[in-house]
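Asker: Just passing along the structure, written as structure tokens.
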Amino acid sequence: MRVGMYNRWLATLGGGEKLSLTVAEYISRQYPVTVISHKTVDKDLAASRLSLDLSNVEFQFISERLAPEITPITSDYDLFINASFLDFFPCLSPKSVNLVYFPTPVEYEPVMKSRRVMKSVLRRLMLVPSFPSGVVSIEAGPISQYRGIELPLTVLLPALRREYILQFDIAAYKAVEHRLVVFLNDQEINHIVLPRDKSFVHYELTVPGKGADSVHELVIQDNESESGLNLGVPDMTMMNFIIRHPRYRLYQLFFERMFRGWGERLYNLPPGVFSILKSVDTYDAIWGISEFSRYWIEQYWHKQCEILTPPVNVEDFQPLEKKNQILSVGRFFAGSHNKKHLVMVNAFKEMIDTGLRGWEFHLAGGTTPGLGHEEYLKKVYDAATGYPITIHPNIAFQDLVKLYGESGIYWHASGFGEDVDKEPIKFEHFGITTVEAMASGCVPVVIGKGGQPEIVRNGETGFLWLTIEDLKNHTQKLIRDSKMRQQFSLAAEAESHYYDKEHFNENLRRLLEKIEIMRR
């Protein structure tokens with residue numbers, strides 16, 4: 001049996017990737033599994049970082065493309081699992097599973113269509129090229145970079161009534177001389193020789209005038225002169241891709257320098273004809289990650305689903321000698337769906353200002369590149385100044401384990417101040433860090449919305465809160481009553497083992513049996 005899995009976000013190696021690759025690991029004990037994505041990630045690195053055995057799992061990297069363009073690939077497999085967050089496409093394999101972290105409301109489809117129209121207009125006005133095949137990763141920055149090129153590379157160039165100059169720099173990753181053949185509109189026009197020293201070669205092309213509503217197709221192939229093999233992913237990179245025209249210079253100014261995030265989105269148009277529900281209907285099973293996700297799948301799609309809660313490596317965590325410290329773990333990033341670090345910092349400051357002494361607050365998490373995210377982290381630092389608050393950006397895993405083990409109380413506030421009925425996606429869909437804290441004997445005091453109430457039994461393994469006053473009062477109660485804190489700590493640690501890999505694998509086996517994939 002051939003098993004395929006798709007995850008656009010594999011390179012992030014986040015919680016969703018941990019879940020999907022653990023599914024791949026389990027299935028690969030019986031059948032080989034191919035995991036398909038775009039940005040290259042080393043399999044050994046993924047296995048090490050996520051503590052998985054991926055020896056019978058293959059990573060395959062293909063050029064960047066829209067979600068519906070994945071559909072033809074699904075027919076190559078006997079079982080196909082779509083494990084990509086917010087990517088929906090029809091599946092053609094005999095058996096199929098849609099692993100849904102959180103659903104998209106169908107009401108969003110008109111918005112996607114309007115975005116397509118707007119993006120199409122902007123692309124035509126600013127002469128933005130498109131890359132139907134060959135480009136794995138696009139970085140629309142001050143210097144356009146296209147990393148991880150597989151050949152043949154196809155570029156659709158805008159057509160103007162007058163000719164214009166296209167230029168770019170290209171290099172090979174391998175220390176082998178490559179002779180590339182350049183075609184324009186099916187006519188061979190030139191060659192590019194990439195040297196053995198892997199240095200960049202500058203190339204310029206005069207694109208002839210043509211009807212303004214048409215396009216030019218540029219194709220670059222490898223003639224295998226010395227390498228004897230087709231170049232694989234990621235064997236080339238291209239940068240300084242420029243169309244010499246005032247309208248393209250406007251694109252560079254606005255979308256590569258001033259609004260880089262928007263520039264990257266211009267390369268990926270939503271599909272013209274798209275239906276989430278029709279796509280979901282082609283799958284044999286839907287797996288949600290929590291009761292919270294299942295509820296919204298039923299609300300948005302009116303469909304039933306099974307629950308596959310994410311696995312947590314609880315064995316990596318253990319209680320240590322406790323210190324008087326509160327911990328919160330979550331990535332530092334801007335936006336209304338962030339981890340609400342400022343909310344928690346201000347709540348702790350209020351506790352200090354009203355008499356709390358001898359306790360510290362620690363915030364740990366990865367950082368996010370980008371000016372807005374950097375400014376957000378600076379605000380967190382500024383808010384913490386003068387108080388016993390320590391921030392641990394990009395903390396090493398072993399240091400994080402120690403921080404968990406030494407902390408007495410765990411805080412989580414994702415979704416605070418948001419409307420769960422209007423924007424439930426802004427809340428924690430499950431709560432892996434809460435389980436990690438519990439496994440470390442750290443008593444959770446977490447927001448009582450999203451997936452958190454499924455993990456924490458209020459008044460037994462921790463506390464759930466809805467207001468800042470609740471957060472502070474529950475925390476003060478635990479601080480004052482060390483016996484209660486110890487009791488909750490033991491109960492939380494015991495409860496955390498329901499989310500270990502053994503329980504996960506048993507649940508996964510049951511779900512695979514339901515679609516007749518695996519039997520005892």
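Convention: chains lettered A, B, ... in structure tokens order; per-chain residue numbering from 1; ligands numbered from 1 as shown.
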Which polymer residues have any atom within 12 Å of an atom of Ser51 in chain A, counting only C-alpha atoms, with same-chain residues fewer than 6 positions away left out, as a PyMOL selection string?

Answerer: chain A and resi 13+18-19+21-22+25+43-45+311-316+501

Asker: Neighbouring residues of range 481-487 of chain A were defined as those with any atom within 12 Å, considering only C-alpha atoms; residues of the same chain fewer than 4 positions away were excluded. Please report them as a list in words.

Answerer: Pro319, Glu321, Lys322, Lys323, Asn324, Ser407, Gly408, Ile409, Tyr410, Gly441, Cys442, Val443, Pro444, Val445, Gly459, Glu460, Thr461, Gly462, Phe463, His474, Thr475, Gln476, Lys477, Ala491, Ala492, Glu493 and Ala494 of chain A

Asker: Find the residues near range 81-92 of chain A: any atom within 8 Å, counting only C-alpha atoms, skip ones fewer than 5 places away on the same chain, and give them as a PyMOL selection string.

Answerer: chain A and resi 3-9+16+20+67-72+74-75+97-104+276+278-283

Asker: Take the residues from that selection and write them out as a JSON list (two decimals), in the first residue's frame, keeping C-alpha atoms.

Answerer:
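This is the output file part.json:
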```
[["chain", "number", "residue", "atom", "x", "y", "z"],
["A", 3, "VAL", "CA", 0.58, 6.16, 1.67],
["A", 4, "GLY", "CA", 0.93, 9.86, 0.96],
["A", 5, "MET", "CA", 0.59, 12.85, 3.27],
["A", 6, "TYR", "CA", 0.57, 16.57, 2.44],
["A", 7, "ASN", "CA", 1.61, 19.35, 4.83],
["A", 8, "ARG", "CA", 2.45, 22.75, 3.35],
["A", 9, "TRP", "CA", 3.95, 23.90, 6.68],
["A", 16, "GLY", "CA", 0.76, 20.49, 13.72],
["A", 20, "SER", "CA", 1.13, 14.77, 11.32],
["A", 67, "ALA", "CA", -3.98, 23.77, -2.66],
["A", 68, "PRO", "CA", -6.36, 22.50, -5.43],
["A", 69, "GLU", "CA", -3.30, 21.76, -7.58],
["A", 70, "ILE", "CA", -2.35, 19.03, -5.08],
["A", 71, "THR", "CA", -5.38, 16.96, -6.14],
["A", 72, "PRO", "CA", -3.73, 15.11, -9.09],
["A", 74, "THR", "CA", -3.42, 12.21, -4.47],
["A", 75, "SER", "CA", -4.30, 9.64, -7.15],
["A", 97, "VAL", "CA", -8.34, 11.33, 5.63],
["A", 98, "ASN", "CA", -8.63, 15.08, 6.20],
["A", 99, "LEU", "CA", -6.74, 15.96, 9.39],
["A", 100, "VAL", "CA", -8.30, 19.26, 10.48],
["A", 101, "TYR", "CA", -6.66, 21.37, 13.17],
["A", 102, "PHE", "CA", -9.39, 23.96, 12.82],
["A", 103, "PRO", "CA", -12.02, 24.45, 10.08],
["A", 104, "THR", "CA", -12.56, 27.42, 7.80],
["A", 276, "ILE", "CA", -14.49, 23.79, 0.94],
["A", 278, "LYS", "CA", -17.12, 19.81, -1.90],
["A", 279, "SER", "CA", -13.46, 19.20, -1.15],
["A", 280, "VAL", "CA", -14.16, 17.78, 2.30],
["A", 281, "ASP", "CA", -16.84, 15.50, 0.87],
["A", 282, "THR", "CA", -14.19, 13.57, -1.10],
["A", 283, "TYR", "CA", -12.53, 12.25, 2.09]]
```

Asker: CA of Phe361 in chain A to CA of Ser328 in chain A: how many Å, to one decimal?

Answerer: 8.1 Å

Asker: Residues at most 8 Å from range 465-469 of chain A, counting only C-alpha atoms, excluding those fewer than 2 positions away in the same chain, as a PyMOL selection string?

Answerer: chain A and resi 347+416+445-449+463+471-474

Asker: Save out the residues we just selected, N, CA and C atoms, as a PDB file, in the first residue's frame.

Answerer:
```
ATOM      1  N   ALA A 347      -1.102  41.616  34.380  1.00  0.00           N
ATOM      2  CA  ALA A 347      -1.775  40.972  35.511  1.00  0.00           C
ATOM      3  C   ALA A 347      -0.780  40.666  36.627  1.00  0.00           C
ATOM      4  N   PHE A 416      -7.843  35.626  25.139  1.00  0.00           N
ATOM      5  CA  PHE A 416      -8.452  36.569  26.068  1.00  0.00           C
ATOM      6  C   PHE A 416      -8.801  37.876  25.343  1.00  0.00           C
ATOM      7  N   VAL A 445      -3.146  27.361  35.429  1.00  0.00           N
ATOM      8  CA  VAL A 445      -4.205  28.345  35.639  1.00  0.00           C
ATOM      9  C   VAL A 445      -4.402  28.988  34.272  1.00  0.00           C
ATOM     10  N   VAL A 446      -5.350  28.470  33.508  1.00  0.00           N
ATOM     11  CA  VAL A 446      -5.446  28.796  32.082  1.00  0.00           C
ATOM     12  C   VAL A 446      -6.845  29.283  31.740  1.00  0.00           C
ATOM     13  N   ILE A 447      -6.934  30.019  30.639  1.00  0.00           N
ATOM     14  CA  ILE A 447      -8.213  30.565  30.207  1.00  0.00           C
ATOM     15  C   ILE A 447      -9.195  29.432  29.935  1.00  0.00           C
ATOM     16  N   GLY A 448     -10.431  29.607  30.371  1.00  0.00           N
ATOM     17  CA  GLY A 448     -11.431  28.552  30.274  1.00  0.00           C
ATOM     18  C   GLY A 448     -12.181  28.544  28.959  1.00  0.00           C
ATOM     19  N   LYS A 449     -11.474  28.726  27.855  1.00  0.00           N
ATOM     20  CA  LYS A 449     -12.079  28.711  26.525  1.00  0.00           C
ATOM     21  C   LYS A 449     -11.157  27.970  25.571  1.00  0.00           C
ATOM     22  N   PHE A 463      -6.877  25.382  37.541  1.00  0.00           N
ATOM     23  CA  PHE A 463      -8.004  26.308  37.531  1.00  0.00           C
ATOM     24  C   PHE A 463      -8.214  26.869  36.126  1.00  0.00           C
ATOM     25  N   LEU A 471      -8.047  35.140  37.164  1.00  0.00           N
ATOM     26  CA  LEU A 471      -6.657  34.692  37.002  1.00  0.00           C
ATOM     27  C   LEU A 471      -5.846  35.015  38.258  1.00  0.00           C
ATOM     28  N   LYS A 472      -5.963  36.232  38.707  1.00  0.00           N
ATOM     29  CA  LYS A 472      -5.184  36.655  39.878  1.00  0.00           C
ATOM     30  C   LYS A 472      -5.659  35.951  41.150  1.00  0.00           C
ATOM     31  N   ASN A 473      -6.969  35.813  41.327  1.00  0.00           N
ATOM     32  CA  ASN A 473      -7.501  35.183  42.548  1.00  0.00           C
ATOM     33  C   ASN A 473      -7.131  33.703  42.637  1.00  0.00           C
ATOM     34  N   HIS A 474      -7.269  32.981  41.515  1.00  0.00           N
ATOM     35  CA  HIS A 474      -6.895  31.559  41.516  1.00  0.00           C
ATOM     36  C   HIS A 474      -5.404  31.404  41.810  1.00  0.00           C
TER      37      HIS A 474
END
```

Asker: When distances are computed from only C-alpha atoms, which of A:Asn56, A:Ser63, A:Thr154, A:Thr12 shows the smallest separation from Ile36 in chain A?

Answerer: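 Looking only at the distances to Ile36 in chain A, the closest residue turns out to be A:Ser63.
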
Asker: Residues of range 298-435 of chain A classed as helix (DSSP H, G or I) by DSSP on the backbone are to be reported as a ChimeraX atom specification.

Answerer: /A:298-301,314-316,341-353,371-384,397-406,424-426,432-435

Asker: So that I can see what lies close to range 248-250 of chain A, please list as a PyMOL selection string the residues with an atom at most 9 Å from it, counting only C-alpha atoms and leaving out residues fewer than 6 positions away in the same chain.

Answerer: chain A and resi 125-128+242

Asker: For the residues in the current selection, export C-alpha atoms as a tab-separated table (two decimals), in the first residue's frame.

Answerer:
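The resulting file, result.tsv, is shown below:
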```
chain	number	residue	atom	x	y	z
A	125	LEU	CA	-0.88	46.38	-13.22
A	126	MET	CA	2.52	45.77	-11.62
A	127	LEU	CA	3.80	43.11	-14.03
A	128	VAL	CA	4.21	40.41	-11.39
A	242	ILE	CA	13.89	42.21	-12.04
```

Asker: One number please: CA of Gly372 in chain A to CA of Ala11 in chain A, in Å, one decimal.

Answerer: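 Separating CA of Gly372 in chain A from CA of Ala11 in chain A is a distance of 22.0 Å.
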
Asker: Of the candidates A:Glu163, A:Ala172, A:Phe333, A:Val207, which one gets nearest to Leu184 in chain A if we count only C-alpha atoms?

Answerer: A:Val207

Asker: Leaving out Pro94 in chain A and any residue of its chain fewer than 4 positions from it, which residues lie within 8 Å of it when counting only C-alpha atoms, given as a list in words?

Answerer: Ser75, Tyr77, Asp78 and Leu79 of chain A

Asker: Output C-alpha atoms of each residue in that selection to a file, as a compact mmCIF listing (two decimals), in the first residue's frame.

Answerer:
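Writing the result to selection27.txt gives the following:
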```txt
# COMPACT_ATOMS: atom_id res chain seq x y z
CA SER A 75 -4.30 9.64 -7.15
CA TYR A 77 -1.53 6.75 -3.40
CA ASP A 78 -3.77 4.09 -1.89
CA LEU A 79 -4.21 6.20 1.26
```

Asker: I need the residue nearest Asp53 in chain A from this list: A:Trp359, A:Phe504, A:Phe183, A:Tyr26. Use only C-alpha atoms for the distance.

Answerer: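 Distance minimum relative to Asp53 in chain A lands on A:Tyr26.
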